[in-house]
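Chemist: Handing you this structure, nothing more for now.
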Amino acid sequence: MTKDQIKRLIDYKPSKSNLFMSCWTLTRNARQAAGIGSSIETLAKEANGKMHKLMGELTKENFPNIISVDYFNGKALSVVVYANSLKK
């Protein structure tokens with residue numbers, strides 16, 4: 001997931017009519033959806049913990065316009081705040 005999102009960001013060509021969404025949402029397997037195993041919150045916390053790797057690739061010209069997550073926590077917030085700070 002992390003490598004895919006970083007590659008998509010690097011390959012993204014910014015324009016006023018072309019928005020980039022960084023998606024950190026997960027799909028649970030059938031067992032997890034049935035309530036067996038990890039919850040979506042647990043899985044999302046693990047994914048959110050890897051979002052900081054995206055920060056090193058963000059620039060004033062190349063940043064996500066939308067960040068989609070399953071579970072919003074402080075780790076996700078720090079990436080969102082940083083990405084928004086680049087738009088100034």
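Chain labels follow the order of the structure tokens: the first chain is A, the next B, and so on; residue numbering restarts at 1 in every chain, and ligands are counted from 1 in their shown order.
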What's around Ile6 (chain A) at 12 Å? Count only C-alpha atoms, leave out sequence neighbours fewer than 2 positions away in its own chain, and write the answer as a PyMOL selection string.
Modeler: chain A and resi 1-4+8-12+20-24+50-58+62-64
Chemist: Now that the selection is made, can you save its residues with C-alpha atoms as a PDB file, in the first residue's frame?
Modeler:
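Output contents, as saved in part_10.pdb:
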```pdb
ATOM      1  CA  MET A   1       0.000   0.000   0.000  1.00  0.00           C
ATOM      2  CA  THR A   2       2.703   2.496   0.971  1.00  0.00           C
ATOM      3  CA  LYS A   3       4.852   1.905  -2.111  1.00  0.00           C
ATOM      4  CA  ASP A   4       1.772   2.101  -4.353  1.00  0.00           C
ATOM      5  CA  ARG A   8       1.050   7.242  -7.636  1.00  0.00           C
ATOM      6  CA  LEU A   9       2.062  10.550  -6.050  1.00  0.00           C
ATOM      7  CA  ILE A  10       5.377  10.666  -7.931  1.00  0.00           C
ATOM      8  CA  ASP A  11       3.630   9.792 -11.219  1.00  0.00           C
ATOM      9  CA  TYR A  12       0.895  12.396 -10.647  1.00  0.00           C
ATOM     10  CA  PHE A  20      -4.917  13.605  -6.611  1.00  0.00           C
ATOM     11  CA  MET A  21      -6.420  11.389  -3.920  1.00  0.00           C
ATOM     12  CA  SER A  22      -4.126   9.412  -1.644  1.00  0.00           C
ATOM     13  CA  CYS A  23      -6.165   6.433  -0.517  1.00  0.00           C
ATOM     14  CA  TRP A  24      -5.279   4.632   2.706  1.00  0.00           C
ATOM     15  CA  LYS A  50       2.954   4.064   7.515  1.00  0.00           C
ATOM     16  CA  MET A  51       1.506   7.287   6.106  1.00  0.00           C
ATOM     17  CA  HIS A  52       4.492   9.331   7.313  1.00  0.00           C
ATOM     18  CA  LYS A  53       6.531   7.780   4.481  1.00  0.00           C
ATOM     19  CA  LEU A  54       4.398   9.813   2.087  1.00  0.00           C
ATOM     20  CA  MET A  55       5.517  13.078   3.706  1.00  0.00           C
ATOM     21  CA  GLY A  56       9.035  12.830   2.288  1.00  0.00           C
ATOM     22  CA  GLU A  57       7.615  12.843  -1.242  1.00  0.00           C
ATOM     23  CA  LEU A  58       5.314  15.852  -0.835  1.00  0.00           C
ATOM     24  CA  ASN A  62       2.951  17.674  -5.805  1.00  0.00           C
ATOM     25  CA  PHE A  63       0.680  16.831  -2.882  1.00  0.00           C
ATOM     26  CA  PRO A  64      -2.621  15.015  -2.380  1.00  0.00           C
TER      27      PRO A  64
END
```
Chemist: Could you give me, as a list of chain:residue names, the residues within 12 Å of Thr42 (chain A), counting only C-alpha atoms and dropping anything in the same chain fewer than 3 positions from it?
Modeler: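 Surrounding residues, per the criterion: A:Leu26, A:Arg28, A:Gln32, A:Gly37, A:Ser38, A:Ser39, A:Lys45, A:Glu46, A:Ala47, A:Asn48, A:Gly49, A:Asp70, A:Tyr71, A:Phe72, A:Asn73.
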Chemist: What does the distance from CA of Ile40 (chain A) to CA of Gln5 (chain A) come to in Å, to one decimal?
Modeler: 19.3 Å
Chemist: Please, which residues of chain A, numbered as in this document, come out alpha helix (DSSP H) from DSSP, as JSON, numbers by chain?
Modeler: {"A": [2, 3, 4, 5, 6, 7, 8, 9, 10, 11, 30, 31, 32, 33, 40, 41, 42, 43, 44, 45, 46, 47, 48, 52, 53, 54, 55, 74, 75, 76, 77, 78, 79, 80, 81, 82, 83, 84, 85]}
Chemist: Just the selected residues (N, CA and C atoms), exported as a short mmCIF file (atom, residue, chain, number, x, y, z; two decimals), in the first residue's frame, please.
Modeler:
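So the final result, stored in again-v5.cif, reads:
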```cif
data_model
loop_
_atom_site.label_atom_id
_atom_site.label_comp_id
_atom_site.auth_asym_id
_atom_site.auth_seq_id
_atom_site.Cartn_x
_atom_site.Cartn_y
_atom_site.Cartn_z
N THR A 2 1.86 1.30 0.86
CA THR A 2 2.70 2.50 0.97
C THR A 2 3.45 2.76 -0.33
N LYS A 3 4.09 1.73 -0.87
CA LYS A 3 4.85 1.90 -2.11
C LYS A 3 3.93 2.33 -3.25
N ASP A 4 2.74 1.76 -3.31
CA ASP A 4 1.77 2.10 -4.35
C ASP A 4 1.36 3.57 -4.26
N GLN A 5 1.07 4.04 -3.06
CA GLN A 5 0.64 5.43 -2.90
C GLN A 5 1.77 6.41 -3.21
N ILE A 6 2.99 6.07 -2.84
CA ILE A 6 4.13 6.92 -3.16
C ILE A 6 4.37 6.95 -4.67
N LYS A 7 4.28 5.80 -5.33
CA LYS A 7 4.45 5.76 -6.78
C LYS A 7 3.38 6.59 -7.47
N ARG A 8 2.14 6.47 -7.02
CA ARG A 8 1.05 7.24 -7.64
C ARG A 8 1.29 8.75 -7.46
N LEU A 9 1.78 9.14 -6.29
CA LEU A 9 2.06 10.55 -6.05
C LEU A 9 3.18 11.05 -6.97
N ILE A 10 4.25 10.27 -7.09
CA ILE A 10 5.38 10.67 -7.93
C ILE A 10 4.94 10.74 -9.40
N ASP A 11 4.10 9.82 -9.83
CA ASP A 11 3.63 9.79 -11.22
C ASP A 11 2.57 10.84 -11.52
N ALA A 30 -13.10 -11.95 3.99
CA ALA A 30 -14.40 -12.48 4.44
C ALA A 30 -14.39 -12.79 5.94
N ARG A 31 -13.32 -13.36 6.45
CA ARG A 31 -13.24 -13.69 7.89
C ARG A 31 -13.29 -12.42 8.74
N GLN A 32 -12.54 -11.42 8.34
CA GLN A 32 -12.51 -10.17 9.10
C GLN A 32 -13.87 -9.47 9.03
N ALA A 33 -14.51 -9.50 7.89
CA ALA A 33 -15.82 -8.88 7.74
C ALA A 33 -16.86 -9.58 8.60
N ILE A 40 -11.46 -3.31 11.41
CA ILE A 40 -11.01 -2.30 10.44
C ILE A 40 -10.23 -1.20 11.16
N GLU A 41 -10.59 -0.90 12.40
CA GLU A 41 -9.86 0.11 13.18
C GLU A 41 -8.43 -0.34 13.41
N THR A 42 -8.24 -1.58 13.80
CA THR A 42 -6.90 -2.12 14.04
C THR A 42 -6.07 -2.11 12.77
N LEU A 43 -6.66 -2.56 11.66
CA LEU A 43 -5.95 -2.58 10.38
C LEU A 43 -5.61 -1.15 9.93
N ALA A 44 -6.56 -0.24 10.11
CA ALA A 44 -6.35 1.15 9.69
C ALA A 44 -5.25 1.82 10.51
N LYS A 45 -5.20 1.53 11.79
CA LYS A 45 -4.14 2.12 12.62
C LYS A 45 -2.77 1.69 12.11
N GLU A 46 -2.66 0.45 11.66
CA GLU A 46 -1.39 -0.05 11.11
C GLU A 46 -1.06 0.70 9.82
N ALA A 47 -2.05 0.86 8.95
CA ALA A 47 -1.83 1.59 7.69
C ALA A 47 -1.49 3.05 7.97
N ASN A 48 -2.21 3.68 8.89
CA ASN A 48 -1.96 5.08 9.21
C ASN A 48 -0.54 5.28 9.74
N HIS A 52 3.41 8.35 7.21
CA HIS A 52 4.49 9.33 7.31
C HIS A 52 5.50 9.18 6.18
N LYS A 53 5.60 7.99 5.59
CA LYS A 53 6.53 7.78 4.48
C LYS A 53 6.14 8.62 3.26
N LEU A 54 4.88 8.97 3.17
CA LEU A 54 4.40 9.81 2.09
C LEU A 54 4.92 11.24 2.22
N MET A 55 5.14 11.69 3.45
CA MET A 55 5.52 13.08 3.71
C MET A 55 6.82 13.46 3.01
N GLY A 74 -4.17 10.47 15.14
CA GLY A 74 -3.12 11.48 15.15
C GLY A 74 -2.08 11.29 14.06
N LYS A 75 -1.79 10.04 13.72
CA LYS A 75 -0.80 9.80 12.67
C LYS A 75 -1.32 10.27 11.32
N ALA A 76 -2.58 10.01 11.05
CA ALA A 76 -3.18 10.49 9.80
C ALA A 76 -3.27 12.01 9.83
N LEU A 77 -3.61 12.57 10.97
CA LEU A 77 -3.75 14.02 11.10
C LEU A 77 -2.44 14.73 10.78
N SER A 78 -1.32 14.21 11.24
CA SER A 78 -0.04 14.87 10.99
C SER A 78 0.26 14.95 9.50
N VAL A 79 -0.09 13.92 8.74
CA VAL A 79 0.14 13.94 7.29
C VAL A 79 -0.80 14.94 6.62
N VAL A 80 -2.06 14.97 7.05
CA VAL A 80 -3.03 15.90 6.48
C VAL A 80 -2.61 17.35 6.74
N VAL A 81 -2.22 17.65 7.96
CA VAL A 81 -1.79 19.01 8.31
C VAL A 81 -0.56 19.40 7.50
N TYR A 82 0.39 18.51 7.38
CA TYR A 82 1.60 18.79 6.62
C TYR A 82 1.26 19.04 5.14
N ALA A 83 0.44 18.19 4.54
CA ALA A 83 0.05 18.35 3.14
C ALA A 83 -0.65 19.69 2.92
N ASN A 84 -1.52 20.07 3.86
CA ASN A 84 -2.23 21.35 3.75
C ASN A 84 -1.28 22.53 3.89
N SER A 85 -0.24 22.39 4.68
CA SER A 85 0.71 23.49 4.88
C SER A 85 1.50 23.78 3.60
#
```
Chemist: Running DSSP on the backbone, which parts of region 11-78 of chain A land in strand (DSSP E or B), as a PyMOL selection string?
Modeler: chain A and resi 15+18+21-24+66-69
Chemist: Point out the residue among A:Ile36, A:Leu19, A:Leu86, A:Thr27 with the least atom-to-atom distance to Ile66 (chain A), counting only C-alpha atoms.
Modeler: A:Leu19
